[in-house]
Amino acid sequence: MERSERSSERDLTVVAREIVDSNRYMTLATATGDGRPWAAPVWYAHEGYTDFLWVSRPEARHSRNLVRRPEIAIPGQSSC
């Protein structure tokens, strides 16, 4: 990896951490049992920028979706 590529990667890490630190809600994207997408805003906390934690009711649609399909997506975006 060239020096400029390492620098760009490091810059992206800084930007990503700034986005995580400046938000308290994230969009949690799940899918229903038949694959239809579902996205919901949830309050979150993180541990080391690698583990994201949120609290939801077990009967919430995204909670039910996770029982059937454990895959998720968390799109990162600045709320500015």
# chains A, B, ... in the order shown; residues from 1 in each chain; ligands from 1
>>> select_by_dssp(residues="chain A", states="alpha helix (DSSP H)", output="PDB file with N, CA and C atoms, in the first residue's frame")
ATOM      1  N   ARG A   3       1.943   5.260   0.431  1.00  0.00           N
ATOM      2  CA  ARG A   3       1.770   6.216   1.530  1.00  0.00           C
ATOM      3  C   ARG A   3       0.476   7.016   1.381  1.00  0.00           C
ATOM      4  N   SER A   4       0.155   7.487   0.175  1.00  0.00           N
ATOM      5  CA  SER A   4      -1.059   8.285  -0.024  1.00  0.00           C
ATOM      6  C   SER A   4      -2.310   7.453   0.240  1.00  0.00           C
ATOM      7  N   GLU A   5      -2.280   6.161  -0.095  1.00  0.00           N
ATOM      8  CA  GLU A   5      -3.419   5.287   0.187  1.00  0.00           C
ATOM      9  C   GLU A   5      -3.598   5.103   1.684  1.00  0.00           C
ATOM     10  N   ARG A   6      -2.486   4.943   2.424  1.00  0.00           N
ATOM     11  CA  ARG A   6      -2.574   4.806   3.879  1.00  0.00           C
ATOM     12  C   ARG A   6      -3.116   6.088   4.494  1.00  0.00           C
ATOM     13  N   SER A   7      -2.678   7.231   3.976  1.00  0.00           N
ATOM     14  CA  SER A   7      -3.141   8.518   4.481  1.00  0.00           C
ATOM     15  C   SER A   7      -4.635   8.682   4.227  1.00  0.00           C
ATOM     16  N   SER A   8      -5.108   8.328   3.051  1.00  0.00           N
ATOM     17  CA  SER A   8      -6.532   8.427   2.728  1.00  0.00           C
ATOM     18  C   SER A   8      -7.354   7.500   3.611  1.00  0.00           C
ATOM     19  N   GLU A   9      -6.858   6.281   3.835  1.00  0.00           N
ATOM     20  CA  GLU A   9      -7.560   5.333   4.692  1.00  0.00           C
ATOM     21  C   GLU A   9      -7.657   5.865   6.115  1.00  0.00           C
ATOM     22  N   ARG A  10      -6.574   6.456   6.607  1.00  0.00           N
ATOM     23  CA  ARG A  10      -6.563   7.029   7.948  1.00  0.00           C
ATOM     24  C   ARG A  10      -7.548   8.199   8.015  1.00  0.00           C
ATOM     25  N   ASP A  11      -7.587   9.030   6.974  1.00  0.00           N
ATOM     26  CA  ASP A  11      -8.531  10.149   6.931  1.00  0.00           C
ATOM     27  C   ASP A  11      -9.967   9.653   6.992  1.00  0.00           C
ATOM     28  N   LEU A  12     -10.272   8.586   6.266  1.00  0.00           N
ATOM     29  CA  LEU A  12     -11.621   8.033   6.290  1.00  0.00           C
ATOM     30  C   LEU A  12     -11.976   7.506   7.676  1.00  0.00           C
ATOM     31  N   THR A  13     -11.013   6.920   8.359  1.00  0.00           N
ATOM     32  CA  THR A  13     -11.252   6.444   9.721  1.00  0.00           C
ATOM     33  C   THR A  13     -11.599   7.609  10.636  1.00  0.00           C
ATOM     34  N   VAL A  14     -10.890   8.713  10.507  1.00  0.00           N
ATOM     35  CA  VAL A  14     -11.168   9.894  11.325  1.00  0.00           C
ATOM     36  C   VAL A  14     -12.568  10.419  11.030  1.00  0.00           C
ATOM     37  N   VAL A  15     -12.915  10.518   9.761  1.00  0.00           N
ATOM     38  CA  VAL A  15     -14.246  10.998   9.375  1.00  0.00           C
ATOM     39  C   VAL A  15     -15.331  10.067   9.929  1.00  0.00           C
ATOM     40  N   ALA A  16     -15.135   8.764   9.786  1.00  0.00           N
ATOM     41  CA  ALA A  16     -16.124   7.808  10.275  1.00  0.00           C
ATOM     42  C   ALA A  16     -16.309   7.931  11.788  1.00  0.00           C
ATOM     43  N   ARG A  17     -15.230   8.070  12.520  1.00  0.00           N
ATOM     44  CA  ARG A  17     -15.333   8.216  13.972  1.00  0.00           C
ATOM     45  C   ARG A  17     -16.012   9.517  14.355  1.00  0.00           C
ATOM     46  N   GLU A  18     -15.760  10.579  13.605  1.00  0.00           N
ATOM     47  CA  GLU A  18     -16.441  11.853  13.874  1.00  0.00           C
ATOM     48  C   GLU A  18     -17.944  11.725  13.654  1.00  0.00           C
ATOM     49  N   ILE A  19     -18.349  10.995  12.621  1.00  0.00           N
ATOM     50  CA  ILE A  19     -19.774  10.782  12.367  1.00  0.00           C
ATOM     51  C   ILE A  19     -20.398   9.991  13.507  1.00  0.00           C
ATOM     52  N   VAL A  20     -19.741   8.919  13.936  1.00  0.00           N
ATOM     53  CA  VAL A  20     -20.257   8.106  15.045  1.00  0.00           C
ATOM     54  C   VAL A  20     -20.365   8.952  16.312  1.00  0.00           C
ATOM     55  N   ASP A  21     -19.340   9.744  16.600  1.00  0.00           N
ATOM     56  CA  ASP A  21     -19.325  10.538  17.829  1.00  0.00           C
ATOM     57  C   ASP A  21     -20.354  11.672  17.819  1.00  0.00           C
ATOM     58  N   ARG A  61     -40.604  -4.312  14.970  1.00  0.00           N
ATOM     59  CA  ARG A  61     -40.416  -5.016  13.702  1.00  0.00           C
ATOM     60  C   ARG A  61     -38.957  -5.391  13.463  1.00  0.00           C
ATOM     61  N   HIS A  62     -38.019  -4.484  13.736  1.00  0.00           N
ATOM     62  CA  HIS A  62     -36.614  -4.828  13.472  1.00  0.00           C
ATOM     63  C   HIS A  62     -36.140  -5.940  14.414  1.00  0.00           C
ATOM     64  N   SER A  63     -36.665  -5.982  15.629  1.00  0.00           N
ATOM     65  CA  SER A  63     -36.302  -7.082  16.545  1.00  0.00           C
ATOM     66  C   SER A  63     -36.830  -8.408  16.008  1.00  0.00           C
ATOM     67  N   ARG A  64     -38.059  -8.413  15.543  1.00  0.00           N
ATOM     68  CA  ARG A  64     -38.627  -9.643  14.961  1.00  0.00           C
ATOM     69  C   ARG A  64     -37.863 -10.043  13.702  1.00  0.00           C
ATOM     70  N   ASN A  65     -37.482  -9.052  12.900  1.00  0.00           N
ATOM     71  CA  ASN A  65     -36.710  -9.356  11.692  1.00  0.00           C
ATOM     72  C   ASN A  65     -35.373 -10.021  12.041  1.00  0.00           C
ATOM     73  N   LEU A  66     -34.722  -9.523  13.098  1.00  0.00           N
ATOM     74  CA  LEU A  66     -33.413 -10.071  13.471  1.00  0.00           C
ATOM     75  C   LEU A  66     -33.493 -11.521  13.943  1.00  0.00           C
ATOM     76  N   VAL A  67     -34.631 -11.903  14.479  1.00  0.00           N
ATOM     77  CA  VAL A  67     -34.804 -13.302  14.884  1.00  0.00           C
ATOM     78  C   VAL A  67     -34.754 -14.200  13.650  1.00  0.00           C
ATOM     79  N   ARG A  68     -35.386 -13.747  12.562  1.00  0.00           N
ATOM     80  CA  ARG A  68     -35.445 -14.553  11.344  1.00  0.00           C
ATOM     81  C   ARG A  68     -34.197 -14.408  10.466  1.00  0.00           C
TER      82      ARG A  68
END
>>> residues_around(residues="segment 34-49 of chain A", least_positions_apart="6", cutoff="8 Å", atoms="only C-alpha atoms", output="number ranges by chain")
A: 17, 20, 24-28, 55-56, 62
>>> select_by_dssp(residues="segment 15-68 of chain A", states="strand (DSSP E)", output="list in words")
Tyr25, Met26, Thr27, Leu28, Ala29, Thr30, Ala31, Pro37, Trp38, Ala39, Ala40, Pro41, Val42, Trp43, Tyr44, Ala45, His46, Glu47, Asp51, Phe52, Leu53 and Trp54 of chain A
>>> write_last_selection(atoms="C-alpha atoms", output="compact mmCIF listing (two decimals), in the first residue's frame")
# COMPACT_ATOMS: atom_id res chain seq x y z
CA TYR A 25 -29.32 7.79 16.53
CA MET A 26 -28.54 5.46 13.68
CA THR A 27 -30.60 3.82 11.00
CA LEU A 28 -30.83 0.10 11.61
CA ALA A 29 -31.63 -1.71 8.37
CA THR A 30 -32.98 -5.25 8.56
CA ALA A 31 -35.03 -7.48 6.27
CA PRO A 37 -36.05 -4.21 3.62
CA TRP A 38 -36.99 -2.40 6.83
CA ALA A 39 -35.15 0.59 8.26
CA ALA A 40 -35.73 2.17 11.65
CA PRO A 41 -34.01 4.90 13.66
CA VAL A 42 -32.65 3.64 16.98
CA TRP A 43 -30.69 5.25 19.81
CA TYR A 44 -27.26 3.64 20.07
CA ALA A 45 -23.98 3.51 21.91
CA HIS A 46 -20.74 2.03 20.67
CA GLU A 47 -17.81 0.18 22.12
CA ASP A 51 -19.64 -2.91 18.40
CA PHE A 52 -22.91 -0.97 18.25
CA LEU A 53 -25.54 -1.44 20.93
CA TRP A 54 -29.17 -0.39 20.97
>>> decode(residues="segment 13-46 of chain A", atoms="N, CA and C atoms", output="compact mmCIF listing (two decimals), in the first residue's frame")
# COMPACT_ATOMS: atom_id res chain seq x y z
N THR A 13 -11.01 6.92 8.36
CA THR A 13 -11.25 6.44 9.72
C THR A 13 -11.60 7.61 10.64
N VAL A 14 -10.89 8.71 10.51
CA VAL A 14 -11.17 9.89 11.32
C VAL A 14 -12.57 10.42 11.03
N VAL A 15 -12.91 10.52 9.76
CA VAL A 15 -14.25 11.00 9.38
C VAL A 15 -15.33 10.07 9.93
N ALA A 16 -15.14 8.76 9.79
CA ALA A 16 -16.12 7.81 10.27
C ALA A 16 -16.31 7.93 11.79
N ARG A 17 -15.23 8.07 12.52
CA ARG A 17 -15.33 8.22 13.97
C ARG A 17 -16.01 9.52 14.36
N GLU A 18 -15.76 10.58 13.61
CA GLU A 18 -16.44 11.85 13.87
C GLU A 18 -17.94 11.73 13.65
N ILE A 19 -18.35 10.99 12.62
CA ILE A 19 -19.77 10.78 12.37
C ILE A 19 -20.40 9.99 13.51
N VAL A 20 -19.74 8.92 13.94
CA VAL A 20 -20.26 8.11 15.05
C VAL A 20 -20.36 8.95 16.31
N ASP A 21 -19.34 9.74 16.60
CA ASP A 21 -19.33 10.54 17.83
C ASP A 21 -20.35 11.67 17.82
N SER A 22 -20.73 12.16 16.65
CA SER A 22 -21.63 13.30 16.58
C SER A 22 -23.10 12.91 16.49
N ASN A 23 -23.40 11.63 16.50
CA ASN A 23 -24.78 11.17 16.39
C ASN A 23 -25.16 10.30 17.58
N ARG A 24 -26.41 10.31 17.92
CA ARG A 24 -26.92 9.44 18.98
C ARG A 24 -27.96 8.47 18.43
N TYR A 25 -28.39 8.70 17.20
CA TYR A 25 -29.32 7.79 16.53
C TYR A 25 -28.67 7.27 15.27
N MET A 26 -29.00 6.03 14.93
CA MET A 26 -28.54 5.46 13.68
C MET A 26 -29.73 4.80 13.01
N THR A 27 -29.59 4.57 11.73
CA THR A 27 -30.60 3.82 11.00
C THR A 27 -30.19 2.36 11.03
N LEU A 28 -31.06 1.54 11.56
CA LEU A 28 -30.83 0.10 11.61
C LEU A 28 -31.63 -0.53 10.49
N ALA A 29 -30.96 -1.10 9.51
CA ALA A 29 -31.63 -1.71 8.37
C ALA A 29 -31.62 -3.23 8.52
N THR A 30 -32.80 -3.80 8.46
CA THR A 30 -32.98 -5.25 8.56
C THR A 30 -33.83 -5.69 7.37
N ALA A 31 -34.16 -6.96 7.32
CA ALA A 31 -35.03 -7.48 6.27
C ALA A 31 -36.03 -8.44 6.88
N THR A 32 -37.22 -8.44 6.31
CA THR A 32 -38.25 -9.37 6.77
C THR A 32 -37.87 -10.79 6.35
N GLY A 33 -38.64 -11.76 6.79
CA GLY A 33 -38.36 -13.15 6.46
C GLY A 33 -38.30 -13.41 4.96
N ASP A 34 -39.11 -12.66 4.19
CA ASP A 34 -39.10 -12.86 2.74
C ASP A 34 -38.19 -11.88 2.01
N GLY A 35 -37.35 -11.14 2.78
CA GLY A 35 -36.33 -10.31 2.17
C GLY A 35 -36.68 -8.85 1.95
N ARG A 36 -37.87 -8.42 2.35
CA ARG A 36 -38.21 -7.01 2.18
C ARG A 36 -37.44 -6.16 3.18
N PRO A 37 -36.84 -5.05 2.72
CA PRO A 37 -36.05 -4.21 3.62
C PRO A 37 -36.91 -3.45 4.62
N TRP A 38 -36.35 -3.19 5.78
CA TRP A 38 -36.99 -2.40 6.83
C TRP A 38 -35.91 -1.58 7.51
N ALA A 39 -36.12 -0.28 7.61
CA ALA A 39 -35.15 0.59 8.26
C ALA A 39 -35.84 1.36 9.37
N ALA A 40 -35.16 1.48 10.50
CA ALA A 40 -35.73 2.17 11.65
C ALA A 40 -34.64 2.95 12.38
N PRO A 41 -34.97 4.16 12.85
CA PRO A 41 -34.01 4.90 13.66
C PRO A 41 -33.98 4.31 15.07
N VAL A 42 -32.79 4.14 15.61
CA VAL A 42 -32.65 3.64 16.98
C VAL A 42 -31.55 4.44 17.69
N TRP A 43 -31.73 4.64 18.99
CA TRP A 43 -30.69 5.25 19.81
C TRP A 43 -29.61 4.20 19.97
N TYR A 44 -28.34 4.62 19.96
CA TYR A 44 -27.26 3.64 20.07
C TYR A 44 -26.10 4.17 20.91
N ALA A 45 -25.28 3.23 21.31
CA ALA A 45 -23.98 3.51 21.91
C ALA A 45 -22.99 2.57 21.21
N HIS A 46 -21.73 2.91 21.30
CA HIS A 46 -20.74 2.03 20.67
C HIS A 46 -19.64 1.69 21.65
